[in-house]
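Novice: Got a structure for you, work-v9.txt, holding compact mmCIF, C-alpha atoms and all ligand atoms.
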# COMPACT_ATOMS: atom_id res chain seq x y z
CA MET G 1364 235.93 39.76 67.30
CA SER G 1365 234.90 41.39 64.05
CA LYS G 1366 237.11 44.06 62.54
CA LYS G 1367 236.30 47.74 62.64
CA ILE G 1368 236.32 49.83 59.49
CA TYR G 1369 236.02 53.62 59.30
CA LEU G 1370 234.45 55.64 56.49
CA GLY G 1371 234.23 59.45 56.53
CA MET G 1372 231.23 60.93 54.73
CA ILE G 1373 229.30 64.15 54.19
CA ALA G 1374 226.31 62.28 52.68
CA ASP G 1375 224.34 65.35 51.61
CA ILE G 1376 223.28 63.71 48.38
CA MET G 1377 223.24 59.92 48.39
CA HIS G 1378 224.27 58.31 45.13
CA PRO G 1379 225.41 54.88 43.85
CA GLY G 1380 229.09 55.80 44.34
CA LEU G 1381 228.53 56.17 48.08
CA ILE G 1382 226.50 52.96 48.31
CA ASN G 1383 229.38 51.20 46.53
CA ILE G 1384 231.93 52.39 49.07
CA ILE G 1385 229.61 51.41 51.97
CA ASN G 1386 229.21 47.93 50.48
CA GLU G 1387 232.97 47.56 49.97
CA GLY G 1388 233.64 48.75 53.53
CA ALA G 1389 231.05 46.45 55.12
CA LYS G 1390 232.79 43.44 53.52
CA HIS G 1391 235.70 43.95 55.92
CA GLY G 1392 233.73 44.12 59.19
CA ASP G 1393 231.64 46.54 61.24
CA LEU G 1394 231.40 49.76 59.26
CA ILE G 1395 231.52 52.94 61.31
CA VAL G 1396 230.55 56.05 59.34
CA GLY G 1397 232.24 59.24 60.56
CA LEU G 1398 229.64 61.76 59.48
CA PHE G 1399 231.13 65.24 58.96
CA THR G 1400 229.39 67.83 61.12
CA ASP G 1401 228.50 71.32 59.86
CA LYS G 1402 231.53 72.60 61.79
CA ALA G 1403 233.89 70.21 59.98
CA ILE G 1404 232.43 71.00 56.56
CA ALA G 1405 232.35 74.77 57.11
CA GLN G 1406 236.15 74.71 57.48
CA HIS G 1407 236.41 73.71 53.84
CA LYS G 1408 233.30 74.17 51.78
CA ARG G 1409 229.73 75.35 51.73
CA LEU G 1410 227.35 73.95 54.29
CA PRO G 1411 225.46 70.92 53.02
CA TYR G 1412 221.77 71.34 52.18
CA LEU G 1413 220.69 68.82 54.83
CA THR G 1414 221.45 69.27 58.53
CA TYR G 1415 223.62 66.80 60.45
CA GLU G 1416 220.53 65.19 62.02
CA GLN G 1417 218.85 64.79 58.62
CA ARG G 1418 221.96 63.26 57.06
CA LYS G 1419 222.45 60.97 60.08
CA SER G 1420 218.91 59.62 59.83
CA VAL G 1421 219.57 58.69 56.18
CA VAL G 1422 222.98 57.10 56.71
CA GLU G 1423 222.13 55.04 59.80
CA ASN G 1424 219.35 53.37 57.84
CA ILE G 1425 221.57 52.19 55.02
CA LYS G 1426 222.31 48.46 54.91
CA GLY G 1427 225.87 47.72 55.95
CA VAL G 1428 226.28 50.73 58.27
CA SER G 1429 226.82 49.56 61.89
CA GLN G 1430 227.22 52.91 63.55
CA VAL G 1431 227.29 56.64 62.77
CA VAL G 1432 229.60 58.91 64.77
CA PRO G 1433 230.17 62.64 64.32
CA GLN G 1434 233.42 63.75 62.67
CA ASP G 1435 233.97 67.27 63.96
CA GLU G 1436 237.14 68.16 62.03
CA TRP G 1437 238.05 68.05 58.34
CA SER G 1438 241.04 65.93 59.36
CA TYR G 1439 240.39 62.27 60.15
CA ALA G 1440 243.14 62.05 62.78
CA GLU G 1441 241.08 62.73 65.92
CA ASN G 1442 238.35 60.18 65.20
CA LEU G 1443 240.82 57.57 63.97
CA ARG G 1444 242.88 57.84 67.18
CA LYS G 1445 239.71 57.62 69.27
CA LEU G 1446 238.25 54.59 67.49
CA LYS G 1447 241.48 52.83 66.37
CA PRO G 1448 239.79 50.99 63.47
CA ASP G 1449 241.50 48.07 61.74
CA TYR G 1450 240.79 49.69 58.38
CA MET G 1451 239.87 53.01 56.95
CA ILE G 1452 238.24 53.11 53.52
CA HIS G 1453 238.30 56.01 51.04
CA GLY G 1454 237.83 56.58 47.31
CA ASP G 1455 241.12 56.79 45.42
CA ASP G 1456 240.29 60.33 44.24
CA TRP G 1457 242.08 61.83 47.25
CA GLN G 1458 245.46 60.80 45.80
CA GLN G 1459 245.36 64.06 43.83
CA GLY G 1460 244.40 67.61 44.60
CA ALA G 1461 243.73 69.37 47.88
CA ASP G 1462 243.03 66.17 49.84
CA LYS G 1463 246.53 64.77 49.28
CA GLU G 1464 247.77 65.99 52.67
CA LEU G 1465 244.69 64.63 54.38
CA ARG G 1466 245.47 61.23 52.87
CA GLU G 1467 249.08 61.24 54.03
CA GLU G 1468 248.03 62.18 57.54
CA ALA G 1469 245.38 59.42 57.68
CA ILE G 1470 247.85 56.77 56.44
CA ASN G 1471 250.42 57.80 59.07
CA VAL G 1472 247.88 57.89 61.89
CA MET G 1473 246.52 54.42 60.99
CA LYS G 1474 250.10 53.06 61.12
CA GLU G 1475 250.26 53.99 64.85
CA TRP G 1476 248.31 50.78 65.72
CA GLY G 1477 249.02 48.77 62.57
CA GLY G 1478 245.79 49.83 60.82
CA GLU G 1479 245.50 49.97 57.07
CA VAL G 1480 243.95 52.39 54.57
CA ILE G 1481 241.96 50.76 51.79
CA GLU G 1482 241.43 52.78 48.64
CA ILE G 1483 238.79 51.83 46.13
CA PRO G 1484 238.45 53.17 42.58
CA TYR G 1485 236.19 56.16 42.48
CA THR G 1486 232.85 55.59 40.75
CA LYS G 1487 233.22 57.38 37.43
CA GLY G 1488 230.60 59.83 36.26
CA ILE G 1489 228.92 60.26 39.61
CA GLU G 1490 230.45 62.27 42.34
CA SER G 1491 229.07 64.54 45.01
CA SER G 1492 230.64 67.77 43.77
CA SER G 1493 229.05 67.59 40.29
CA LEU G 1494 225.70 66.59 41.80
CA ASP G 1495 226.12 69.57 44.11
CA LYS G 1496 226.48 71.84 41.06
CA GLU G 1497 223.27 70.39 39.58
CA ILE G 1498 221.40 70.97 42.83
CA LYS G 1499 222.71 74.54 42.95
CA LYS G 1500 221.12 75.15 39.55
CA ILE G 1501 217.74 74.17 40.99
CA GLY G 1502 218.23 76.65 43.82
CA THR G 1503 216.97 76.41 47.37
CA THR G 1504 213.78 76.75 49.38
CA PRO G 1505 212.89 79.65 51.70
CA ASP G 1506 213.00 77.22 54.61
CA ILE G 1507 216.50 75.85 53.90
CA ARG G 1508 217.87 79.33 53.20
CA LEU G 1509 216.31 80.84 56.33
CA LYS G 1510 217.76 78.13 58.61
CA SER G 1511 221.24 78.33 57.13
CA LEU G 1512 222.33 81.48 59.01
CA ARG G 1513 221.84 79.87 62.42
CA ARG G 1514 223.71 76.80 61.17
CA LEU G 1515 226.61 78.96 59.97
CA ILE G 1516 226.77 80.83 63.28
CA GLU G 1517 226.86 77.48 65.06
CA ALA G 1518 229.44 75.94 62.74
CA LYS G 1519 231.89 78.75 61.97
CA ASN G 1520 234.39 80.74 63.93
CA VAL G 1521 233.35 83.85 62.05
CA VAL G 1522 230.56 84.31 59.50
CA ARG G 1523 231.46 86.54 56.54
CA ILE G 1524 228.65 88.64 55.03
CA LEU G 1525 228.79 90.85 51.91
CA GLU G 1526 226.51 93.72 50.94
CA VAL G 1527 224.45 93.08 47.82
CA HIS G 1528 221.96 95.42 46.17
CA ASP G 1529 220.84 93.60 43.01
CA GLY G 1530 220.96 90.26 41.24
CA LEU G 1531 224.44 90.87 39.84
CA SER G 1532 226.10 91.71 43.16
CA GLY G 1533 224.11 88.78 44.61
CA LEU G 1534 225.72 86.48 42.04
CA ILE G 1535 229.19 87.72 42.99
CA CYS G 1536 228.51 86.90 46.63
CA GLU G 1537 227.02 83.54 45.68
CA ASN G 1538 229.72 82.30 43.32
CA LEU G 1539 233.03 84.02 43.99
CA GLU G 1540 235.74 81.72 45.32
CA VAL G 1541 239.37 82.62 45.94
CA LYS G 1542 242.09 80.03 46.52
CA ASN G 1543 244.17 80.82 49.58
CA GLY G 1544 246.80 78.13 50.07
CA LEU G 1545 244.93 74.88 50.78
CA ASN G 1546 241.76 76.79 51.62
CA THR G 1547 239.06 78.13 49.36
CA GLU G 1548 237.64 81.43 50.61
CA ARG G 1549 234.02 82.41 49.98
CA PHE G 1550 231.28 84.58 51.45
CA ASP G 1551 228.74 82.96 53.75
CA GLY G 1552 225.81 85.24 53.14
CA MET G 1553 224.43 88.60 52.06
CA TRP G 1554 223.56 91.95 53.68
CA SER G 1555 220.63 93.90 52.32
CA SER G 1556 221.80 97.39 53.29
CA SER G 1557 219.46 100.36 53.71
CA LEU G 1558 222.33 102.65 52.69
CA THR G 1559 223.09 100.96 49.38
CA ASP G 1560 219.45 100.06 48.62
CA SER G 1561 218.58 103.75 49.02
CA THR G 1562 221.67 105.09 47.26
CA SER G 1563 221.21 102.82 44.24
CA LYS G 1564 217.76 104.39 43.84
CA GLY G 1565 219.12 107.92 44.17
CA LYS G 1566 217.38 108.31 47.53
CA PRO G 1567 218.80 109.30 50.94
CA ASP G 1568 219.22 106.64 53.64
CA ILE G 1569 216.33 107.89 55.79
CA GLU G 1570 213.83 105.01 55.58
CA ALA G 1571 212.34 106.63 52.46
CA VAL G 1572 212.50 103.39 50.43
CA ASP G 1573 209.62 101.28 51.68
CA LEU G 1574 209.55 97.56 52.42
CA THR G 1575 207.59 96.70 49.27
CA THR G 1576 210.18 98.39 47.05
CA ARG G 1577 213.09 96.79 48.89
CA MET G 1578 211.40 93.39 48.63
CA GLN G 1579 211.19 93.77 44.84
CA ASP G 1580 214.98 94.07 44.66
CA LEU G 1581 215.39 91.29 47.17
CA THR G 1582 213.22 89.05 45.01
CA ASN G 1583 215.73 89.43 42.18
CA ILE G 1584 218.50 88.45 44.58
CA LEU G 1585 216.50 85.53 46.00
CA GLU G 1586 215.90 84.22 42.49
CA CYS G 1587 219.55 83.83 41.55
CA THR G 1588 221.19 82.92 44.88
CA THR G 1589 220.97 80.36 47.69
CA LYS G 1590 222.97 81.93 50.54
CA PRO G 1591 221.36 83.42 53.66
CA ILE G 1592 220.33 87.08 53.77
CA ILE G 1593 220.45 89.51 56.69
CA TYR G 1594 218.03 92.41 56.20
CA ASP G 1595 218.83 95.92 57.41
CA GLY G 1596 215.49 96.89 58.94
CA ASP G 1597 216.56 100.44 59.94
CA THR G 1598 214.56 101.36 63.10
CA GLY G 1599 211.94 98.70 62.38
CA GLY G 1600 209.44 101.54 62.05
CA LYS G 1601 206.38 101.58 64.26
CA LEU G 1602 205.99 98.54 66.50
CA GLU G 1603 202.60 97.83 64.94
CA HIS G 1604 204.22 97.80 61.47
CA PHE G 1605 207.34 95.87 62.45
CA VAL G 1606 205.36 92.68 63.11
CA PHE G 1607 204.28 92.66 59.44
CA THR G 1608 207.85 93.29 58.29
CA VAL G 1609 208.99 90.24 60.26
CA ARG G 1610 206.31 88.06 58.66
CA THR G 1611 207.14 89.30 55.15
CA LEU G 1612 210.87 88.70 55.55
CA GLU G 1613 210.37 85.29 57.11
CA ARG G 1614 207.93 84.15 54.42
CA ASN G 1615 210.55 84.99 51.81
CA GLY G 1616 213.31 82.99 53.47
CA ILE G 1617 215.31 85.93 54.86
CA SER G 1618 217.28 84.66 57.89
CA ALA G 1619 217.46 87.72 60.09
CA VAL G 1620 216.46 91.34 60.48
CA ILE G 1621 218.62 93.87 62.28
CA ILE G 1622 216.81 96.85 63.82
CA GLU G 1623 218.51 99.82 65.41
CA ASP G 1624 217.50 101.56 68.63
CA LYS G 1625 216.91 104.98 67.05
CA VAL G 1626 213.77 107.09 66.82
CA GLY G 1627 212.72 110.08 64.74
CA LEU G 1628 214.08 110.74 61.28
CA LYS G 1629 216.79 108.13 60.92
CA LYS G 1630 220.15 109.34 59.61
CA ASN G 1631 222.95 107.02 58.57
CA SER G 1632 225.13 105.98 61.51
CA LEU G 1633 228.36 106.87 59.73
CA PHE G 1634 227.51 110.56 60.25
CA GLY G 1635 228.07 109.81 63.95
CA THR G 1636 227.38 112.87 66.09
CA ASP G 1637 227.38 115.16 63.00
CA ALA G 1638 223.71 114.19 62.66
CA ILE G 1639 221.06 114.15 65.37
CA GLN G 1640 220.93 110.54 66.51
CA THR G 1641 218.14 110.03 69.04
CA GLN G 1642 217.93 106.67 70.75
CA ASP G 1643 214.75 104.90 71.75
CA THR G 1644 214.06 104.15 75.41
CA ILE G 1645 215.24 100.74 76.54
CA GLU G 1646 211.67 99.79 77.51
CA HIS G 1647 210.13 100.72 74.18
CA PHE G 1648 212.86 99.12 72.07
CA CYS G 1649 212.57 95.89 74.09
CA GLU G 1650 208.84 95.94 73.46
CA LYS G 1651 209.45 96.27 69.71
CA ILE G 1652 211.87 93.33 69.69
CA ARG G 1653 209.41 91.24 71.72
CA ALA G 1654 206.57 92.08 69.34
CA GLY G 1655 208.73 90.89 66.45
CA LYS G 1656 209.72 87.70 68.25
CA ASN G 1657 206.06 86.96 68.95
CA ALA G 1658 205.14 87.58 65.32
CA GLN G 1659 207.63 85.19 63.74
CA VAL G 1660 206.34 81.78 62.70
CA THR G 1661 209.50 79.66 62.67
CA ASP G 1662 212.03 79.13 65.47
CA ASP G 1663 214.87 79.93 63.10
CA PHE G 1664 214.25 83.55 62.09
CA MET G 1665 216.53 85.91 64.02
CA ILE G 1666 215.86 89.40 65.30
CA ILE G 1667 219.13 91.15 65.99
CA ALA G 1668 219.16 94.33 68.08
CA ARG G 1669 221.52 97.07 66.92
CA CYS G 1670 222.84 99.42 69.53
CA GLU G 1671 223.69 102.97 68.46
CA SER G 1672 225.09 104.24 71.78
CA LEU G 1673 228.67 104.51 70.47
CA ILE G 1674 227.43 106.24 67.29
CA ALA G 1675 225.51 108.74 69.41
CA GLY G 1676 228.65 109.54 71.42
CA LYS G 1677 227.61 107.63 74.55
CA SER G 1678 229.77 105.28 76.62
CA VAL G 1679 230.47 101.56 76.41
CA ASP G 1680 228.67 101.30 79.80
CA ASP G 1681 225.53 102.64 78.16
CA ALA G 1682 225.88 100.18 75.26
CA ILE G 1683 226.33 97.25 77.67
CA GLU G 1684 223.29 98.23 79.72
CA ARG G 1685 221.14 98.54 76.63
CA CYS G 1686 222.35 95.35 74.95
CA CYS G 1687 221.85 93.26 78.09
CA ALA G 1688 218.27 94.53 78.28
CA TYR G 1689 217.66 93.87 74.56
CA VAL G 1690 218.67 90.24 75.08
CA GLU G 1691 217.26 89.62 78.56
CA GLN G 1692 214.00 91.57 78.33
CA GLY G 1693 213.48 91.88 74.59
CA GLY G 1694 214.56 88.35 73.64
CA ALA G 1695 216.92 89.49 70.86
CA ASP G 1696 218.76 86.62 69.13
CA GLY G 1697 221.92 88.63 68.65
CA ILE G 1698 223.47 92.07 69.09
CA MET G 1699 224.92 94.38 66.48
CA ILE G 1700 227.24 96.96 67.95
CA HIS G 1701 228.16 99.86 65.69
CA SER G 1702 230.82 102.56 65.89
CA LYS G 1703 232.56 104.98 63.58
CA GLU G 1704 235.73 105.12 65.67
CA LYS G 1705 238.75 104.20 63.54
CA THR G 1706 240.72 102.59 66.37
CA GLY G 1707 238.20 99.84 67.14
CA ASP G 1708 238.98 100.30 70.85
CA ASP G 1709 235.36 100.93 71.85
CA ILE G 1710 234.11 97.91 69.91
CA ARG G 1711 236.82 95.70 71.39
CA GLU G 1712 235.96 96.78 74.93
CA PHE G 1713 232.25 96.31 74.31
CA CYS G 1714 232.78 92.81 72.90
CA ARG G 1715 234.99 91.71 75.80
CA ARG G 1716 232.49 92.89 78.39
CA PHE G 1717 229.35 91.73 76.60
CA HIS G 1718 230.87 88.34 75.79
CA GLU G 1719 231.59 87.77 79.49
CA LEU G 1720 227.95 88.43 80.34
CA HIS G 1721 226.37 86.63 77.37
CA PRO G 1722 228.91 84.25 75.85
CA TYR G 1723 226.37 82.54 73.58
CA VAL G 1724 224.70 85.60 72.09
CA PRO G 1725 226.23 86.28 68.67
CA ILE G 1726 227.78 89.72 68.20
CA VAL G 1727 227.52 91.29 64.75
CA ALA G 1728 229.92 94.04 63.66
CA VAL G 1729 230.19 96.33 60.64
CA PRO G 1730 233.87 97.25 60.39
CA THR G 1731 233.60 100.08 57.86
CA THR G 1732 235.77 102.65 59.65
CA TYR G 1733 237.95 100.22 61.63
CA ASN G 1734 238.50 98.09 58.54
CA HIS G 1735 242.22 97.41 58.98
CA PHE G 1736 241.42 94.56 61.38
CA ARG G 1737 241.24 91.11 59.84
CA GLU G 1738 238.33 88.78 60.51
CA GLU G 1739 240.59 86.58 62.65
CA GLU G 1740 241.27 89.49 65.03
CA LEU G 1741 237.61 90.49 65.17
CA ALA G 1742 236.73 86.88 65.98
CA GLU G 1743 239.24 86.97 68.85
CA TRP G 1744 237.39 89.96 70.28
CA GLY G 1745 234.24 87.80 70.30
CA ILE G 1746 232.64 88.98 67.05
CA LYS G 1747 230.72 86.22 65.31
CA VAL G 1748 229.32 87.91 62.20
CA VAL G 1749 231.32 90.40 60.13
CA ILE G 1750 229.36 92.49 57.61
CA TYR G 1751 231.08 94.23 54.70
CA ALA G 1752 228.15 96.62 54.51
CA ASN G 1753 228.52 98.82 51.43
CA HIS G 1754 231.53 97.73 49.40
CA MET G 1755 229.89 96.38 46.24
CA LEU G 1756 228.08 99.66 45.57
CA ARG G 1757 231.06 101.78 46.58
CA ALA G 1758 233.20 99.78 44.14
CA ALA G 1759 230.72 100.09 41.28
CA TYR G 1760 230.18 103.87 41.42
CA PRO G 1761 233.75 105.13 40.79
CA ALA G 1762 234.18 102.52 38.04
CA MET G 1763 231.09 103.83 36.25
CA VAL G 1764 232.11 107.47 36.69
CA LYS G 1765 235.54 106.71 35.21
CA VAL G 1766 234.07 105.18 32.06
CA ALA G 1767 231.44 107.91 31.65
CA SER G 1768 234.16 110.57 32.06
CA SER G 1769 236.34 108.91 29.46
CA ILE G 1770 233.46 108.94 26.93
CA LEU G 1771 232.85 112.64 27.62
CA GLU G 1772 236.53 113.50 27.24
CA ASN G 1773 237.15 111.52 24.06
CA HIS G 1774 233.79 111.60 22.28
CA ARG G 1775 234.05 107.84 21.81
CA SER G 1776 234.12 104.74 24.04
CA SER G 1777 237.21 102.88 22.80
CA ASP G 1778 239.49 104.68 25.28
CA ALA G 1779 237.51 103.01 28.07
CA ASN G 1780 237.79 99.49 26.61
CA ASP G 1781 240.15 98.32 29.33
CA LEU G 1782 237.88 99.68 32.04
CA CYS G 1783 234.96 97.56 30.84
CA MET G 1784 234.35 93.84 30.84
CA PRO G 1785 234.56 92.41 27.30
CA ILE G 1786 231.25 91.98 25.45
CA LYS G 1787 231.93 88.22 25.18
CA GLN G 1788 232.20 88.02 28.95
CA ILE G 1789 228.93 89.81 29.65
CA LEU G 1790 227.15 87.57 27.14
CA GLU G 1791 228.47 84.52 28.93
CA LEU G 1792 228.01 85.80 32.46
CA ILE G 1793 224.40 84.80 32.96
CA PRO G 1794 223.53 81.25 31.87
CA GLY G 1795 220.76 81.19 29.28
CA THR G 1796 221.68 84.53 27.68
CA LYS G 1797 222.63 82.86 24.39
C1 LIG D 1801 223.72 100.03 56.13
O1 LIG D 1801 224.51 99.37 55.43
O2 LIG D 1801 222.75 100.61 55.66
C2 LIG D 1801 223.95 100.12 57.58
C3 LIG D 1801 225.32 100.07 58.09
O3 LIG D 1801 223.01 100.34 58.30
S1 LIG D 1801 225.89 101.70 58.19
O4 LIG D 1801 225.77 102.33 56.90
O5 LIG D 1801 227.28 101.64 58.63
O6 LIG D 1801 225.07 102.40 59.18
MG MG D 1802 221.27 100.97 57.28
Spell out the structure here as structure tokens.

Specialist:
Amino acid sequence: MSKKIYLGMIADIMHPGLINIINEGAKHGDLIVGLFTDKAIAQHKRLPYLTYEQRKSVVENIKGVSQVVPQDEWSYAENLRKLKPDYMIHGDDWQQGADKELREEAINVMKEWGGEVIEIPYTKGIESSSLDKEIKKIGTTPDIRLKSLRRLIEAKNVVRILEVHDGLSGLICENLEVKNGLNTERFDGMWSSSLTDSTSKGKPDIEAVDLTTRMQDLTNILECTTKPIIYDGDTGGKLEHFVFTVRTLERNGISAVIIEDKVGLKKNSLFGTDAIQTQDTIEHFCEKIRAGKNAQVTDDFMIIARCESLIAGKSVDDAIERCCAYVEQGGADGIMIHSKEKTGDDIREFCRRFHELHPYVPIVAVPTTYNHFREEELAEWGIKVVIYANHMLRAAYPAMVKVASSILENHRSSDANDLCMPIKQILELIPGTK
């Protein structure tokens, strides 16, 4: 019987280094490729550009590959124990860095049945991570970007979204990475907030900034980023207008729009009952969602219904009734539940009850007032998408006021030097400035 050999791969970008390792592996017997799923990859790095199915169709057609199986975890242990291969093959680059522990685990697991790990010298000059950087420079397409939110919701325990209001905040969301033990933390996508879009223009958050103006800002963000965008669509406006909004957003590669079940002059939800918050009828709001769903061209665009019952001082029962209708009769792809309660108790109860009724409908939350809960806890409640809805603008404003005040007080700017980024840094921030 021929020997079995296991090779784990992401295979987003095929290159000679990967062909080399496939050829080396196939020399030893039947080569089984364990293709990392989105779920496995999302535990550690950005989602690949190609979907699992797309990557599978490439890899299974490469000479020397006998079989492709999904690898659903970053760790090899589960698949190795299931398949018990005679050999596992890997590039020798995992002897250093973050993959060291992964290597030790794989070697120990293989020993359980007398299997062996073969390491081959890594192909110099070509490796997936630097190719990935090159691809990132080229950017993305509206289609790939649009689809990526659904893929993230599918792949991740909790999807982390940051408010952005211009190209610069977009770049922070796109590029910022923070090491956290063995993990690297990053944001999954962006929130185009009506509050911060309006505020940054010196306008109130009352739907006074029109779609065309907001799209101009979004275009700047789209030009310098690749991550998915969720658009705050306020009330969605008139049903007859909402269908055009959906088409515009979709054409530009926005992944989702969230519309709230309010009518009349919209006031920001964080006023709670201090402002008049009038909700739409269930029937009419369902009709609006349905009109949007019928207008979209792709299967991937999402219309998420935002329930304002808790903001308007109504009960969790009312929120549940409404949200069930928005999904069952309106066809909403997800629910955003909002509250300004600090305790989070109402949100937690809503999530528990809604999750029981609709376990597969993603729940979106905006923990601005109940922001002492960590994402892990919110995920336990059943929340799938966490939006940090206004923090980039709220951070920028006091910083600017501080510097401006210092100039006024001192009649010069040097006292504010430490409050500003160095000139050298701003010149180097955006590639191509020099
Ligand atoms: C926004 O960011 O504009 C929102 C969320 O709609 S909130 O301000 O909390 O209503
Ligand atoms: Mg808003």

Novice: At a cut-off of 9 Å around ligand MG 1802 (chain D), and using all atoms listed in the file, what residues come up? Please write them as an NGL selection string.

Specialist: :G and (1555-1560 or 1568-1570 or 1595-1598 or 1622-1623 or 1630-1632 or 1752)

Novice: Give the answer as one residue: which of G:Ser1672, G:His1701, G:Leu1370, G:Phe1607 has the shortest atom-to-atom distance to Gly1655 of chain G, using only C-alpha atoms?

Specialist: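 Looking only at the distances to Gly1655 of chain G, the closest residue turns out to be G:Phe1607.
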
Novice: Taking all atoms listed in the file into account, which of G:Thr1503, G:Thr1400, G:Ser1365, G:Thr1486 comes nearest Asn1615 of chain G?

Specialist: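 Among the listed residues, the smallest separation from Asn1615 of chain G belongs to G:Thr1503.
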
Novice: Neighbours of Lys1367 of chain G within 6 Å (all atoms listed in the file; same-chain residues fewer than 2 positions away dropped), as an mmCIF file with C-alpha atoms, keeping the file's coordinate frame?

Specialist:
data_model
loop_
_atom_site.group_PDB
_atom_site.id
_atom_site.type_symbol
_atom_site.label_atom_id
_atom_site.label_comp_id
_atom_site.auth_asym_id
_atom_site.auth_seq_id
_atom_site.Cartn_x
_atom_site.Cartn_y
_atom_site.Cartn_z
ATOM 1 C CA GLY G 1392 233.730 44.120 59.190
ATOM 2 C CA ASP G 1393 231.640 46.540 61.240
ATOM 3 C CA PRO G 1448 239.790 50.990 63.470
ATOM 4 C CA ASP G 1449 241.500 48.070 61.740
#

Novice: With a distance cut-off of 7 Å and all atoms listed in the file, select the neighbouring residues of segment 1430-1443 of chain G, excluding the residue or stretch itself and same-chain residues fewer than 3 positions from it, and output the selection as JSON, numbers by chain.

Specialist: {"G": [1394, 1395, 1396, 1397, 1398, 1399, 1400, 1402, 1403, 1404, 1406, 1423, 1446, 1447, 1448, 1465, 1469, 1472]}

Novice: Restrict the selected residues to C-alpha atoms and save them as a PDB file, in the frame of the given file.

Specialist:
ATOM      1  CA  LEU G1394     231.400  49.760  59.260  1.00  0.00           C
ATOM      2  CA  ILE G1395     231.520  52.940  61.310  1.00  0.00           C
ATOM      3  CA  VAL G1396     230.550  56.050  59.340  1.00  0.00           C
ATOM      4  CA  GLY G1397     232.240  59.240  60.560  1.00  0.00           C
ATOM      5  CA  LEU G1398     229.640  61.760  59.480  1.00  0.00           C
ATOM      6  CA  PHE G1399     231.130  65.240  58.960  1.00  0.00           C
ATOM      7  CA  THR G1400     229.390  67.830  61.120  1.00  0.00           C
ATOM      8  CA  LYS G1402     231.530  72.600  61.790  1.00  0.00           C
ATOM      9  CA  ALA G1403     233.890  70.210  59.980  1.00  0.00           C
ATOM     10  CA  ILE G1404     232.430  71.000  56.560  1.00  0.00           C
ATOM     11  CA  GLN G1406     236.150  74.710  57.480  1.00  0.00           C
ATOM     12  CA  GLU G1423     222.130  55.040  59.800  1.00  0.00           C
ATOM     13  CA  LEU G1446     238.250  54.590  67.490  1.00  0.00           C
ATOM     14  CA  LYS G1447     241.480  52.830  66.370  1.00  0.00           C
ATOM     15  CA  PRO G1448     239.790  50.990  63.470  1.00  0.00           C
ATOM     16  CA  LEU G1465     244.690  64.630  54.380  1.00  0.00           C
ATOM     17  CA  ALA G1469     245.380  59.420  57.680  1.00  0.00           C
ATOM     18  CA  VAL G1472     247.880  57.890  61.890  1.00  0.00           C
TER      19      VAL G1472
END

Novice: Counting only C-alpha atoms, what is within 10 Å of Asp1624 of chain G, bar same-chain residues fewer than 6 positions away, as a compact mmCIF listing (two decimals) with C-alpha atoms, keeping the file's coordinate frame?

Specialist:
# COMPACT_ATOMS: atom_id res chain seq x y z
CA ASP G 1597 216.56 100.44 59.94
CA THR G 1598 214.56 101.36 63.10
CA GLY G 1599 211.94 98.70 62.38
CA GLN G 1640 220.93 110.54 66.51
CA THR G 1641 218.14 110.03 69.04
CA GLN G 1642 217.93 106.67 70.75
CA ASP G 1643 214.75 104.90 71.75
CA THR G 1644 214.06 104.15 75.41
CA ILE G 1645 215.24 100.74 76.54
CA HIS G 1647 210.13 100.72 74.18
CA PHE G 1648 212.86 99.12 72.07
CA CYS G 1649 212.57 95.89 74.09
CA LYS G 1651 209.45 96.27 69.71
CA ALA G 1668 219.16 94.33 68.08
CA ARG G 1669 221.52 97.07 66.92
CA CYS G 1670 222.84 99.42 69.53
CA GLU G 1671 223.69 102.97 68.46
CA SER G 1672 225.09 104.24 71.78
CA ARG G 1685 221.14 98.54 76.63
CA TYR G 1689 217.66 93.87 74.56

Novice: Name the closest residue to ligand LIG 1801 (chain D) among the candidates G:Leu1633, G:Ile1373, G:Ile1683, G:Cys1587; distances are taken between atoms, counting all atoms listed in the file.

Specialist: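 Between G:Leu1633, G:Ile1373, G:Ile1683, G:Cys1587, the residue approaching ligand LIG 1801 (chain D) most closely is G:Leu1633.
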
Novice: Rounded to one decimal, what separation in Å do you get between atom CA of Arg1614 of chain G and atom CA of Asn1538 of chain G?

Specialist: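 Atom CA of Arg1614 of chain G sits 24.5 Å away from atom CA of Asn1538 of chain G.
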
Novice: May I have the protein, DNA and RNA residues with any atom at most 12 Å from the point (235.4, 95.8, 70.5), counting only C-alpha atoms, written as a VMD selection string?

Specialist: chain G and resid 1673 1679 1682 to 1683 1699 to 1718 1726 to 1730 1733 1736 1740 to 1747

Novice: Measuring atom to atom with only C-alpha atoms and all ligand atoms, identify which of G:Asp1778, G:Glu1719, G:Asp1662, G:Glu1526 is nearest to ligand LIG 1801 (chain D).

Specialist: G:Glu1526

Novice: Counting all atoms listed in the file, which of G:Ala1405, G:Leu1413, G:Leu1512, G:Leu1381 gets nearest to His1453 of chain G?

Specialist: G:Leu1381

Novice: Could you please determine the separation between atom CA of Lys1445 of chain G and atom CA of Met1372 of chain G in Å, to one decimal place?

Specialist: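 It comes out at 17.2 Å.
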
Novice: Check the smallest atom-to-atom distance from each of G:Arg1513, G:Lys1390, G:Lys1629, G:Arg1418 to ligand LIG 1801 (chain D) using all atoms listed in the file, then report the winner.

Specialist: G:Lys1629
